Every structure is written in C-alpha cells, then in structure tokens.
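Below: one structure, written as structure tokens.
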Amino acid sequence: MTLAVTGLSHHSSPVELRERMAFGEDRLPKALLCLKKHLDDGAGVILSTCNRVEIYARVKNPDSGIEFIKKFICDFHGLSVAELEQHFYSFRNEEAVEHLFRVSSSLDSMVLGEAQILGQVKDAYSLARNLRSTGQVLNQLFEKAFTVAKKVREETGIAELSVSISSAAVELARKIFDDLENRTVMLVGTGEMAELAAKHLISYGVKTVYVASRTYERAANLARTLNGSALDFEAFKNELYRADIVITSTAAPNFIIKKEMVERAIHKRKNKPMFLIDIAVPRDIEPEVNDLENVYLYDIDDLQVVVEANMVEREKEAETAMSLIRQEVTNFNNWMGSLDAVPTIVEIRSRAEAVRKEEIDKTLKKMPHLSEADKTAIQQMTTSMINKILHKPTIKLKQKAQSQDGHVYLKAIRHLFHLDD
Amino acid sequence: MASLTYISFYLAIAAHLVAAAAVAGYLRGHRADAMLVFAQRVTGAGVVLLLLTLMIRYYRWRLFPLSTAVDALSLFVLLSSCTALFISRGERRALLAIYSPPLAGLAAAAGISGFYGLNLEPKALSSALLLTHVGLVFLAFSLYFVASLTSLAYLDQARRLKNHASGGLFAKLPSLENLDRTLYRLIQVGYPVFSVALVLGAFWAWYERDLLDIGWWKSPKIILAVFMCGVFSVCFHARRRGWLRGPKLAKFVFFGVAVVLGLFVLLRVLDLSNLNFYKVAG
C-alpha cells in the first residue's frame with residue numbers, strides 16, 4: 001500500500017478555482033463517506049481550507065489511486081479532470097509524509113507560520129476519525145503531524161514575529177511598554193487600518209481608548225465599537241498627554257500633530273514614553289517628532305519594513321523547521337517499514353506454535369500417567385522455549401525492517417521458513 | 001589549602017569565560033535559548049566557586065579576604081554576577097547577553113591578578129565597622145556596575161526603536177519600560193546602600209582618627225566616593241520626580257559609573273587611592 005496525497009493549493013491554482021473545489025462543511029461528511037467506500041483500505045482524510053483542497057489516502061496502485069482521487073474531487077464538484085489536471089499536485093510515501101508535516105507546521109501556508117492551519121488539519125482528521133475513515137497508518141501519520149507542528153512552533157521562531165501591519169504595531173508597542181494592560185490608546189481619525197490596529201492592541205489588554213475625529217458622530221460610533229470614549233477633534237490636542245499609544249489615520253492634507261504639541265505632552269507625562277503610529281497618507285504627524293526623547297514614531301512605511309524584516313526572519317526559521325521535519329519524516333518512514341515485518345513475524349510464530357502443539361500432543365499421548373499439573377508444566381515449558389528462541393530474532397527483524405535493506409532480510413526469512421510455500 | 005584555593009578560583013574564572021562563550025553562541029544563533037540557560041547555570045557555578053575561594057582564603061588566614069587586588073576583583077565579580085543572575089531571571093534572561101561578556105572580562109582580570117596575589121595573606125581590616133563599610137561599598141559598586149550595563153541595553157534598544165532597526169538582540173531584550181524600571185531598581189537599592197556605606201566609613205574615620213591624616217577627607221578616593229554618591233543621588237531623585245527618565249537617565253548612569261569606576265581603577269593602579277589618607281609615621 002502506498003501513502004498518497006493529491007490536491008491543489010494557492011501555489012498551484014487561483015482563488016476562483018479553489019473556491020469551486022472547496023468541500024463545504026455541510027458536504028464534507030457525505031464526501032468522506034463516499035470516498036472511503038471506494039478507497040482500497042477504506043481510509044482517507046479530506047483537508048479543505050480557503051487555500052487548499054487535499055485528500056490523504058492509502059492506495060494499492062499509486063498511479064490509478066491518485067487518478068481516482070483527482071476524478072473524485074472533480075466529479076464531486078461537477079468539473080472535468082482534463083480541465084483541472086494542470087492545477088493538481090500529488091505526492092507519494094515519503095514525500096506525502098513530508099508534505100503533511102510541512103502543511104501542519106504552516107510552512108506551506110500563504111503566510112509562513114500562520115496559526116490557523118494546524119487547527120484546520122486537526123478538524124479534518126477529527127471528522128475523518130469520527131466517520132471511521134482513517135486506519136492505523138493515517139492515524140499515526142496525522143498524530144505525528146500534530147506533534148511535529150507543535151515541535152516546530154516551540155523550537156523555532158517561525159510563529160513569533162509579526163507579519164501584518166497591525167500586529168507589527170503591537171509587537172513594537174510591546175518593545176516599548178512592559179505590558180499593554182494599563183495603557184491608553186488614542187485614535188485620531190477613524191480609518192480602517194487604525195481601527196484594526198486598535199482592535200489588535202485591545203486584544204492584548206489595552207483598556208482605555210479615546211477616539212477623535214473631525215466628525216464627532218463617527219468618533220462616537222467607533223468609540224462605542226471599541227468600548228472607548230469619543231473626543232472632540234480640537235480637544236484631543238489637549239488630551240494627547242494621556243495617551244501612551246497614538247494611532248493617526250485621517251485624511252488631513254497637512255500635519256495635525258506637530259513637534260511642539262508632543263513636546264508639551266511628554267513634559268506633562270513626566271517623560272513617560274509615547275508610541276506614535278502614523279498610518280495616514282499623506283502623513284498626519286510631523287517626522288521631527290521622532291527626534292524627541294522618549295517618543296517613538298513609526299509611519300506606514302516603517303511598519304512595512306518591520307513586517308518585511310520579520311518575513312525574512314521567518315524564512316530563516318523555516319529552514320530550521322525543515323531540518324526538524326526531515327528528521328521526523330525519516331522516523332515515520334522507519335516506523336512504516338517496521339509494519340512490513342509484522343505479518344512475517346505473525347506467520348513465523350504461528351508455524352512455531354503449530355509445530356509445538358503437534359509435538360506436545362504426540363508426546364503427552366505416550367505419557368498417560370502424567371498428572372494435569374505435570375501436563376500444564378510441560379505446556380508452559382514448551383511455550384516459554386518457543387518464545388525465548390524467537391524473541392531476539394523478532395526484535396532484530398523489526399529493527400532490520402526499518403533499514404534500507406530491510407526487504408532483503410524479510411525475503412530471506414520468508415525463504416528460510418518456507419512462509420511463501 | 002593553597003592548591004584548593006587555586007583550583008576553585010580558576011574554575012570560577014573558567015566558568016565565567018565559558019558563560020561568555022555560550023552567550024556568543026546565543027547571539028549567533030536565532031533560537032539558541034538553551035545556550036543562554038547554560039550560560040546562566042555556568043555563571044551560577046562560577047559564583048559558587050568564587051564564594052568557595054573566598055571562604056577558603058578566610059579559613060586559611062582567619063582574615064576577611066578584602067584587601068588584595070585579587071580579592072577585591074573576586075568579590076566584585078561575585079557580587080556583580082549575583083546581581084546579574086538575579087535580574088536576568090525569566091523574561092529578562094536575554095539581559096545576560098549584555099552582562100556576561102564584561103563579567104568575563106573582569107573575571108579574566110581577576111585571573112591574571114590571581115597569579116601574583118592569590119597566595120598572599122590579606123591585610124587585616126581593623127574592625128567590624130570597616131569590614132561592613134568595605135563590604136557595602138563593594139555591593140553598591142556591583143549594583144552600579146550592573147546598572148551601567150543595563151543602561152547600555154536600554155540605549156541600544158532605544159536607538160534601534162528610534163532608527164526603526166530590528167534584528168539581533170533587539171528581538172530578545174525586554175521592553176524599554178522593563179529596562180528603565182530595572183535600572184531604577186538598581187539605583188533605588190544601590191544609592192541607600194552606598195549612603196550607608198559612606199556613613200559607616202565616616203563613623204569609622206572618626207573612631208580611628210588617630211590612624212588618619214588630618215586631611216583624610218581630601219584623599220582622592222574619598223572625593224571620588226562622595227562624587228559617586230552625588231551622581232547617584234541625582235539619578236535617584238531626578239528619576240523619582242520624572243525629570244530624568246529613559247535615554248537621559250541611561251546615559252547619566254552609564255557615564256557616571258564609567259567615569260567613577262575608571263578613576264577608582266586608575267587611582268589603584270597608580271597607588272594614589274590612599275594618598276593623604278593615613279597618617280604617615282614619624
């Protein structure tokens with residue numbers, strides 16, 4: 001049996017195609033039940049997210065098995081394989097294992113290191129397991145994938161650095177302030193990105209939010225959404241000293257926050273640091289503000305540079321993650337190899353047991369004077385002899401089966417013991 | 001006993017050097033947190049070994065080992081390492097990357113002076129008062145030394161944030177506020193410790209006035225000590241009132257400590273620290 005994965009993702013197909021190929025939550029159970037009926041060992045897992053549709057399965061014949069899976073995906077959505085062939089990819093055995101480990105560890109995601117994919121893979125596996133659509137190998141594979149993903153997150157920095165503007169703003173705020181819980185944020189303007197950044201900060205514990213806008217009603221609406229207070233646009237200049245973090249996003253053509261204003265605010269704050277984020281274009285905050293001590297000003301370009309630098313760091317961490325994954329793929333393949341030895345071991349033990357039983361029956365017939373206790377003792381002795389004789393060869397066979405020339409050992413054992421006669 | 005002293009002493013020096021090497025490994029690697037944990041443990045071992053060395057010397061000579069150069073450096077390294085380890089617990093662990101290399105440098109200096117002075121008999125410190133005074137001075141100096149290193153970390157962090165730079169140690173150091181608070185705590189503890197040390201010293205000087213020159217208070221080391229107290233008094237009170245905070249405080253602390261410690265070492269090297277301090281016989 002060959003382990004195979006077939007599907008398409010954001011690497012191989014546009015979003016318009018992926019959305020047509022996606023298995024909706026309501027249709028996924030039906031798709032799984034239909035799939036498992038036709039699969040060689042009745043085991044398959046469907047992973048369907050906004051960026052990928054993949055099916056993991058064990059197939060007898062990899063070529064025909066993979067073709068079947070492609071046809072299944074296309075037929076389910078009323079599309080033709082020929083039309084979509086160029087968008088499909090497939091992996092077998094070791095490559096399939098590596099692919100799943102990479103996907104679960106978010107190394108194959110659109111945003112490297114994103115957190116949602118592991119949950120999505122877990123949900124897909126959980127559903128397949130509930131519908132008894134997984135077997136020993138797929139269970140082990142997916143459980144291992146979750147362990148590997150956790151290890152990658154813990155032992156590399158792949159998920160640590162921010163890769164969006166609003167999370168970069170939070171990351172920088174946390175480089176300035178020890179904790180964000182008792183901080184005050186002031187939003188000047190009601191732009192979407194500023195709102196997103198503010199929400200991000202609130203999710204990290206910021207409690208006090210002020211919103212100022214030229215249109216008081218818009219400020220009030222946004223303040224209500226953020227559980228904050230609205231400020232008159234002119235009043236914010238006098239209240240600037242209250243804010244630890246100021247986010248500006250207005251449509252003003254000129255600077256609305258000048259150096260003298262911030263200087264006064266810093267003086268009133270007794271030199272406690274201030275973090276200013278200017279998301280507006282044209283900029284709202286005079287760049288010279290950054291020259292003031294204890295004031296840190298970032299505009300949209302600066303945040304973008306932080307995001308790009310973090311992406312580069314994540315790429316480097318991805319290399320470390322890949323080394324981890326390759327090691328785990330080798331371990332998993334060794335385990336798969338040991339599975340091949342199991343039927344042979346079972347056959348040898350059955351043969352040995354059959355011979356033991358035959359000889360014991362012959363011998364005990366010639367010794368009718370023996371008591372039941374004696375007969376039991378002889379049975380136990382012979383069983384113990386068989387177990388001891390076969391114990392070390394069994395261990396060795398399992399070990400050798402995991403190695404590259406394991407199949408040679410298996411073939412030799414089967415020949416020596418006439419198991420294929 | 002002598003061999004035991006040398007063994008424990010040089011193992012302690014080696015421990016500090018190994019810790020600095022581990023920190024270098026940490027700085028080169030992206031996620032070498034294990035190196036930092038190792039550096040912490042090895043520094044801790046170095047502290048224990050230094051303490052053992054001083055205890056052996058005390059046991060051998062029945063005198064507190066505070067008066068020779070190697071003893072002074074050893075005690076300074078011991079107290080500074082203890083302070084550094086205490087501060088760089090938990091989320092502030094990355095601060096060890098700032099503390100460890102200078103501590104290793106001081107340990108190396110102690111190691112060199114150990115060749116000449118480890119077997120020397122310490123001078124008797126004439127009273128418990130003097131002993132306490134000297135001990136507290138060392139403690140205060142250690143706190144200020146670690147404060148100056150913390151201020152370096154602060155200034156580096158602040159510079160990177162100002163220049164919108166990233167990467168390296170920036171990603172791992174605690175926040176500016178955390179560093180500022182750490183700096184302030186060190187001054188909060190160091191300033192009263194040093195003040196008490198000066199008071200005890202003045203008390204001792206009055207008590208043992210027969211030993212001292214009439215103008216002992218004009219001795220270079222006394223002037224420097226008073227100057228240092230003044231620097232930290234300014235740091236403490238100005239920070240408390242919010243006049244000095246952030247980069248200004250960090251620069252003030254760093255240059256204050258650097259100047260004072262540098263001058264103390266210079267006086268010691270030129271053998272001028274006791275100039276006009278003790279009464280000259282005859």
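Going through the structure tokens in order, the chains are called A, B, and so on, while each chain numbers its residues from 1 and the ligands are numbered from 1 in the order shown.
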At most 7 Å is the cut-off: for each residue in chain B with any atom that close to an atom of chain A, write down the nearest atom pair and the distance in Å rounded to one decimal, counting only C-alpha atoms, chain first then increasing number, as a Markdown table.
```
| residue | atom | partner | partner_atom | distance |
| --- | --- | --- | --- | --- |
| B:Arg31 | CA | A:Thr156 | CA | 6.4 |
| B:Leu161 | CA | A:Tyr296 | CA | 6.8 |
| B:Lys162 | CA | A:Tyr296 | CA | 5.9 |
| B:His164 | CA | A:Asp302 | CA | 6.6 |
| B:Pro174 | CA | A:Lys175 | CA | 6.9 |
| B:Ser175 | CA | A:Lys175 | CA | 4.3 |
| B:Leu176 | CA | A:Ile176 | CA | 4.8 |
| B:Glu177 | CA | A:Phe177 | CA | 5.2 |
| B:Asn178 | CA | A:Asp178 | CA | 5.5 |
| B:Gly242 | CA | A:Lys270 | CA | 4.9 |
| B:Trp243 | CA | A:Lys270 | CA | 6.6 |
| B:Arg245 | CA | A:Asn271 | CA | 6.2 |
| B:Gly246 | CA | A:Asn294 | CA | 6.4 |
```
Would you write out those residues with N, CA, C and O atoms, as a compact mmCIF listing (two decimals), in the first residue's frame?
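And here is the file that came out, result30.txt:
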```txt
# COMPACT_ATOMS: atom_id res chain seq x y z
N ARG B 31 17.70 30.87 17.68
CA ARG B 31 16.87 30.35 18.77
C ARG B 31 17.73 29.53 19.71
O ARG B 31 17.39 28.44 20.05
N LEU B 161 14.84 51.36 18.20
CA LEU B 161 13.44 51.78 18.01
C LEU B 161 13.38 53.13 17.30
O LEU B 161 12.56 53.34 16.43
N LYS B 162 14.28 54.03 17.69
CA LYS B 162 14.31 55.36 17.04
C LYS B 162 14.66 55.24 15.56
O LYS B 162 14.09 55.91 14.71
N HIS B 164 14.27 52.67 13.71
CA HIS B 164 13.42 51.68 13.05
C HIS B 164 14.23 50.47 12.59
O HIS B 164 13.95 49.87 11.56
N PRO B 174 14.23 42.70 26.90
CA PRO B 174 12.93 43.14 27.43
C PRO B 174 12.57 44.52 26.89
O PRO B 174 13.38 45.18 26.24
N SER B 175 11.35 44.97 27.20
CA SER B 175 10.88 46.27 26.70
C SER B 175 11.67 47.41 27.35
O SER B 175 12.31 47.24 28.39
N LEU B 176 11.57 48.59 26.74
CA LEU B 176 12.24 49.78 27.28
C LEU B 176 11.76 50.06 28.70
O LEU B 176 12.56 50.40 29.57
N GLU B 177 10.48 49.92 28.90
CA GLU B 177 9.93 50.22 30.23
C GLU B 177 10.51 49.26 31.27
O GLU B 177 10.84 49.65 32.38
N ASN B 178 10.63 48.01 30.88
CA ASN B 178 11.20 46.99 31.76
C ASN B 178 12.64 47.34 32.10
O ASN B 178 13.06 47.27 33.26
N GLY B 242 10.62 62.18 37.80
CA GLY B 242 10.34 62.13 36.37
C GLY B 242 11.15 63.12 35.55
O GLY B 242 10.92 63.28 34.36
N TRP B 243 12.15 63.80 36.17
CA TRP B 243 12.94 64.75 35.39
C TRP B 243 13.94 64.00 34.50
O TRP B 243 14.25 64.42 33.40
N ARG B 245 14.49 60.45 32.79
CA ARG B 245 13.89 59.14 32.52
C ARG B 245 14.34 58.70 31.14
O ARG B 245 14.61 59.54 30.28
N GLY B 246 14.37 57.41 30.94
CA GLY B 246 14.65 56.91 29.60
C GLY B 246 16.10 57.12 29.21
O GLY B 246 17.01 56.89 30.01
```
request  = Excluding region 132-135 of chain B and residues on its chain fewer than 4 positions from it, collect all residues at most 9 Å away from it, counting only C-alpha atoms, and give them as a PyMOL selection string.
outcome  = chain B and resi 66+75+127-128+139-140+194+196-201+204
request  = Using DSSP on the backbone coordinates, identify the residues of region 184-231 of chain B assigned to alpha helix (DSSP H); present them as a PyMOL selection string.
outcome  = chain B and resi 184-207+220-231
task = Could you give me, as a ChimeraX atom specification, the residues within 8 Å of region 158-160 of chain B, counting only C-alpha atoms and dropping anything in the same chain fewer than 3 positions from it?
result = /B:154-155,163-166,170,176,247
Can those selected residues be exported to a file as a compact mmCIF listing (two decimals), in the first residue's frame so that it contains N, CA and C atoms?
```txt
# COMPACT_ATOMS: atom_id res chain seq x y z
N TYR B 154 19.47 49.48 27.48
CA TYR B 154 18.39 50.44 27.24
C TYR B 154 18.72 51.32 26.04
N LEU B 155 19.94 51.84 26.04
CA LEU B 155 20.31 52.77 24.97
C LEU B 155 20.31 52.07 23.61
N ASN B 163 15.62 54.37 15.26
CA ASN B 163 16.08 54.25 13.87
C ASN B 163 15.31 53.22 13.07
N HIS B 164 14.27 52.67 13.71
CA HIS B 164 13.42 51.68 13.05
C HIS B 164 14.23 50.47 12.59
N ALA B 165 15.28 50.14 13.37
CA ALA B 165 16.10 48.96 13.06
C ALA B 165 15.55 47.78 13.84
N SER B 166 15.94 46.59 13.45
CA SER B 166 15.44 45.40 14.14
C SER B 166 16.51 44.33 14.09
N PHE B 170 17.87 42.91 19.68
CA PHE B 170 16.68 43.76 19.80
C PHE B 170 15.43 42.92 20.00
N LEU B 176 11.57 48.59 26.74
CA LEU B 176 12.24 49.78 27.28
C LEU B 176 11.76 50.06 28.70
N PRO B 247 16.36 57.55 27.99
CA PRO B 247 17.73 57.64 27.48
C PRO B 247 18.61 58.58 28.31
```
inquiry  = When you look at Arg351 (chain A) with a cut-off of 12 Å (counting only C-alpha atoms), what residues show up, excluding the ones that are within fewer than 2 positions of it in the same chain? I need them as a PyMOL selection string.
reply    = chain A and resi 344-349+353-358+386+390+414+417-419
With N, CA and C atoms kept, could you save the residues just selected as an mmCIF file, in the first residue's frame?
```cif
data_model
loop_
_atom_site.group_PDB
_atom_site.id
_atom_site.type_symbol
_atom_site.label_atom_id
_atom_site.label_comp_id
_atom_site.auth_asym_id
_atom_site.auth_seq_id
_atom_site.Cartn_x
_atom_site.Cartn_y
_atom_site.Cartn_z
ATOM 1 N N THR A 344 5.063 -11.163 8.685
ATOM 2 C CA THR A 344 6.070 -12.229 8.660
ATOM 3 C C THR A 344 6.275 -12.784 10.068
ATOM 4 N N ILE A 345 6.390 -11.902 11.030
ATOM 5 C CA ILE A 345 6.597 -12.332 12.419
ATOM 6 C C ILE A 345 5.402 -13.156 12.892
ATOM 7 N N VAL A 346 4.207 -12.695 12.546
ATOM 8 C CA VAL A 346 2.992 -13.416 12.950
ATOM 9 C C VAL A 346 2.991 -14.812 12.340
ATOM 10 N N GLU A 347 3.386 -14.924 11.067
ATOM 11 C CA GLU A 347 3.411 -16.227 10.391
ATOM 12 C C GLU A 347 4.426 -17.167 11.031
ATOM 13 N N ILE A 348 5.627 -16.658 11.338
ATOM 14 C CA ILE A 348 6.669 -17.495 11.958
ATOM 15 C C ILE A 348 6.157 -18.036 13.290
ATOM 16 N N ARG A 349 5.566 -17.160 14.081
ATOM 17 C CA ARG A 349 5.072 -17.577 15.413
ATOM 18 C C ARG A 349 3.952 -18.600 15.284
ATOM 19 N N GLU A 353 4.162 -22.322 16.753
ATOM 20 C CA GLU A 353 3.114 -22.758 17.682
ATOM 21 C C GLU A 353 2.461 -24.045 17.180
ATOM 22 N N ALA A 354 2.247 -24.123 15.871
ATOM 23 C CA ALA A 354 1.628 -25.329 15.282
ATOM 24 C C ALA A 354 2.532 -26.551 15.503
ATOM 25 N N VAL A 355 3.838 -26.377 15.289
ATOM 26 C CA VAL A 355 4.802 -27.479 15.487
ATOM 27 C C VAL A 355 4.819 -27.885 16.965
ATOM 28 N N ARG A 356 4.849 -26.889 17.835
ATOM 29 C CA ARG A 356 4.877 -27.173 19.288
ATOM 30 C C ARG A 356 3.661 -27.985 19.702
ATOM 31 N N LYS A 357 2.513 -27.543 19.244
ATOM 32 C CA LYS A 357 1.265 -28.193 19.608
ATOM 33 C C LYS A 357 1.241 -29.649 19.129
ATOM 34 N N GLU A 358 1.704 -29.841 17.879
ATOM 35 C CA GLU A 358 1.708 -31.193 17.296
ATOM 36 C C GLU A 358 2.600 -32.120 18.118
ATOM 37 N N ILE A 386 9.729 -21.687 22.959
ATOM 38 C CA ILE A 386 9.436 -21.084 21.647
ATOM 39 C C ILE A 386 9.605 -19.565 21.735
ATOM 40 N N LEU A 390 12.429 -17.343 19.733
ATOM 41 C CA LEU A 390 12.012 -16.377 18.694
ATOM 42 C C LEU A 390 12.143 -14.913 19.122
ATOM 43 N N ARG A 414 11.526 -15.274 5.017
ATOM 44 C CA ARG A 414 10.363 -15.951 4.437
ATOM 45 C C ARG A 414 10.826 -17.197 3.666
ATOM 46 N N PHE A 417 12.076 -20.002 6.249
ATOM 47 C CA PHE A 417 10.987 -20.631 6.994
ATOM 48 C C PHE A 417 9.873 -21.155 6.078
ATOM 49 N N HIS A 418 10.100 -21.116 4.767
ATOM 50 C CA HIS A 418 9.125 -21.622 3.791
ATOM 51 C C HIS A 418 7.767 -20.944 3.967
ATOM 52 N N LEU A 419 7.753 -19.657 4.215
ATOM 53 C CA LEU A 419 6.485 -18.995 4.519
ATOM 54 C C LEU A 419 5.670 -18.723 3.261
#
```
note = Correct to one decimal, the distance CA of Lys365 (chain A)-CA of Lys388 (chain A) is 25.6 Å
ask   = Do you know which residues are at most 8 Å from Thr68 (chain B) counting only C-alpha atoms, after dropping those on the same chain fewer than 6 positions away, and could you put them as a ChimeraX atom specification?
value = /B:117,120,122-123
Any chance you can output those residues with C-alpha atoms as a tab-separated table (two decimals), in the first residue's frame?
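Result saved to selection_19.tsv:
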```
chain	number	residue	atom	x	y	z
B	117	GLY	CA	48.20	37.61	44.66
B	120	LEU	CA	49.16	36.48	49.62
B	122	PRO	CA	45.11	39.51	53.20
B	123	LYS	CA	45.63	42.65	55.24
```
task = Tell me, as a count of residues only, which residues lie within 8 Å of region 65-69 of chain A, counting only C-alpha atoms; anything in the same chain fewer than 3 positions away does not count.
result = 11
ask   = Using only C-alpha atoms, which of B:Ala39, B:Ile56, B:Val234, B:Val269 sits nearest Ala69 (chain B)?
value =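 Ranking B:Ala39, B:Ile56, B:Val234, B:Val269 by distance to Ala69 (chain B), first place goes to B:Val269.
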query = Leaving out Arg283 (chain A) and any residue of its chain fewer than 5 positions from it, which residues lie within 12 Å of it when counting only C-alpha atoms, given as an MDAnalysis selection string?
reply = chainID A and resid 247:258 276:278 297:301
Could you take the residues named above and write them with all heavy atoms, as a compact mmCIF listing (two decimals), in the first residue's frame?
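File written: again.txt
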```
# COMPACT_ATOMS: atom_id res chain seq x y z
N ILE A 247 -2.56 56.51 17.48
CA ILE A 247 -2.64 55.99 16.10
C ILE A 247 -3.41 57.01 15.28
O ILE A 247 -4.55 57.35 15.62
CB ILE A 247 -3.37 54.64 16.05
CG1 ILE A 247 -2.75 53.65 17.05
CG2 ILE A 247 -3.32 54.06 14.64
CD1 ILE A 247 -3.50 52.33 17.15
N THR A 248 -2.78 57.52 14.23
CA THR A 248 -3.45 58.52 13.40
C THR A 248 -3.75 57.96 12.03
O THR A 248 -2.94 57.24 11.43
CB THR A 248 -2.61 59.79 13.24
OG1 THR A 248 -1.43 59.46 12.51
CG2 THR A 248 -2.20 60.37 14.58
N SER A 249 -4.93 58.30 11.57
CA SER A 249 -5.35 57.82 10.25
C SER A 249 -6.42 58.75 9.72
O SER A 249 -7.58 58.36 9.56
CB SER A 249 -5.87 56.39 10.41
OG SER A 249 -6.43 55.93 9.23
N THR A 250 -6.05 60.00 9.49
CA THR A 250 -7.04 60.97 8.99
C THR A 250 -6.77 61.23 7.51
O THR A 250 -5.78 60.78 6.95
CB THR A 250 -6.95 62.30 9.76
OG1 THR A 250 -5.78 63.00 9.32
CG2 THR A 250 -6.87 62.08 11.26
N ALA A 251 -7.66 61.99 6.93
CA ALA A 251 -7.49 62.37 5.53
C ALA A 251 -6.94 63.79 5.41
O ALA A 251 -7.04 64.42 4.36
CB ALA A 251 -8.83 62.26 4.80
N ALA A 252 -6.39 64.28 6.51
CA ALA A 252 -5.90 65.67 6.52
C ALA A 252 -4.74 65.84 5.55
O ALA A 252 -3.85 64.98 5.49
CB ALA A 252 -5.46 66.04 7.94
N PRO A 253 -4.72 66.93 4.81
CA PRO A 253 -3.63 67.15 3.85
C PRO A 253 -2.33 67.63 4.52
O PRO A 253 -1.26 67.55 3.95
CB PRO A 253 -4.20 68.23 2.92
CG PRO A 253 -5.20 68.95 3.75
CD PRO A 253 -5.74 67.99 4.74
N ASN A 254 -2.46 68.15 5.77
CA ASN A 254 -1.27 68.66 6.47
C ASN A 254 -1.06 67.89 7.77
O ASN A 254 -1.90 67.08 8.15
CB ASN A 254 -1.47 70.15 6.82
CG ASN A 254 -1.80 70.95 5.59
OD1 ASN A 254 -1.13 70.84 4.57
ND2 ASN A 254 -2.87 71.74 5.67
N PHE A 255 0.08 68.22 8.43
CA PHE A 255 0.36 67.57 9.72
C PHE A 255 -0.63 68.08 10.76
O PHE A 255 -0.84 69.28 10.91
CB PHE A 255 1.78 67.89 10.19
CG PHE A 255 2.85 67.36 9.27
CD1 PHE A 255 3.88 68.18 8.83
CD2 PHE A 255 2.82 66.04 8.83
CE1 PHE A 255 4.87 67.69 7.99
CE2 PHE A 255 3.81 65.56 7.98
CZ PHE A 255 4.84 66.39 7.55
N ILE A 256 -1.22 67.17 11.49
CA ILE A 256 -2.14 67.58 12.56
C ILE A 256 -1.48 67.45 13.93
O ILE A 256 -1.94 68.01 14.91
CB ILE A 256 -3.46 66.78 12.53
CG1 ILE A 256 -3.18 65.27 12.59
CG2 ILE A 256 -4.27 67.12 11.30
CD1 ILE A 256 -4.42 64.45 12.88
N ILE A 257 -0.42 66.68 13.99
CA ILE A 257 0.31 66.57 15.26
C ILE A 257 1.73 67.08 15.00
O ILE A 257 2.50 66.50 14.21
CB ILE A 257 0.34 65.12 15.77
CG1 ILE A 257 -1.07 64.66 16.11
CG2 ILE A 257 1.24 65.00 17.00
CD1 ILE A 257 -1.18 63.24 16.65
N LYS A 258 2.05 68.17 15.71
CA LYS A 258 3.36 68.80 15.49
C LYS A 258 4.29 68.54 16.67
O LYS A 258 3.88 68.08 17.73
CB LYS A 258 3.17 70.33 15.32
CG LYS A 258 2.22 70.72 14.20
CD LYS A 258 2.98 71.31 13.03
CE LYS A 258 2.05 71.60 11.87
NZ LYS A 258 1.42 72.91 11.93
N LEU A 276 3.91 56.58 18.74
CA LEU A 276 3.00 57.16 17.75
C LEU A 276 3.06 56.37 16.46
O LEU A 276 4.15 56.12 15.92
CB LEU A 276 3.37 58.63 17.48
CG LEU A 276 3.06 59.60 18.61
CD1 LEU A 276 4.15 59.66 19.65
CD2 LEU A 276 2.82 60.99 18.07
N ILE A 277 1.89 56.00 15.97
CA ILE A 277 1.81 55.24 14.72
C ILE A 277 1.02 56.07 13.73
O ILE A 277 -0.16 56.36 13.93
CB ILE A 277 1.09 53.89 14.94
CG1 ILE A 277 1.73 53.14 16.11
CG2 ILE A 277 1.13 53.05 13.68
CD1 ILE A 277 0.90 51.97 16.60
N ASP A 278 1.68 56.45 12.64
CA ASP A 278 1.04 57.30 11.63
C ASP A 278 0.74 56.44 10.40
O ASP A 278 1.62 56.18 9.60
CB ASP A 278 1.99 58.45 11.29
CG ASP A 278 1.35 59.46 10.36
OD1 ASP A 278 0.22 59.21 9.88
OD2 ASP A 278 1.98 60.50 10.10
N LEU A 297 8.19 57.25 16.80
CA LEU A 297 7.22 57.49 15.72
C LEU A 297 7.47 56.51 14.58
O LEU A 297 8.60 56.38 14.09
CB LEU A 297 7.36 58.93 15.21
CG LEU A 297 6.60 59.28 13.92
CD1 LEU A 297 5.10 59.13 14.13
CD2 LEU A 297 6.92 60.72 13.48
N TYR A 298 6.42 55.82 14.19
CA TYR A 298 6.50 54.90 13.05
C TYR A 298 5.40 55.27 12.07
O TYR A 298 4.24 55.38 12.45
CB TYR A 298 6.31 53.45 13.51
CG TYR A 298 7.56 52.80 14.04
CD1 TYR A 298 8.11 53.21 15.25
CD2 TYR A 298 8.20 51.79 13.33
CE1 TYR A 298 9.28 52.62 15.72
CE2 TYR A 298 9.37 51.19 13.80
CZ TYR A 298 9.90 51.63 14.99
OH TYR A 298 11.05 51.05 15.47
N ASP A 299 5.78 55.43 10.79
CA ASP A 299 4.74 55.62 9.78
C ASP A 299 4.50 54.28 9.06
O ASP A 299 5.12 53.27 9.40
CB ASP A 299 5.10 56.76 8.81
CG ASP A 299 6.37 56.48 8.03
OD1 ASP A 299 6.68 55.28 7.77
OD2 ASP A 299 7.08 57.43 7.65
N ILE A 300 3.63 54.32 8.06
CA ILE A 300 3.20 53.07 7.41
C ILE A 300 4.38 52.35 6.74
O ILE A 300 4.48 51.12 6.78
CB ILE A 300 2.04 53.35 6.41
CG1 ILE A 300 1.49 52.04 5.85
CG2 ILE A 300 2.46 54.25 5.27
CD1 ILE A 300 0.33 51.53 6.59
N ASP A 301 5.30 53.14 6.17
CA ASP A 301 6.47 52.53 5.52
C ASP A 301 7.37 51.83 6.54
O ASP A 301 7.90 50.75 6.28
CB ASP A 301 7.29 53.59 4.77
CG ASP A 301 6.62 53.98 3.46
OD1 ASP A 301 5.65 53.31 3.07
OD2 ASP A 301 7.06 54.96 2.84
```
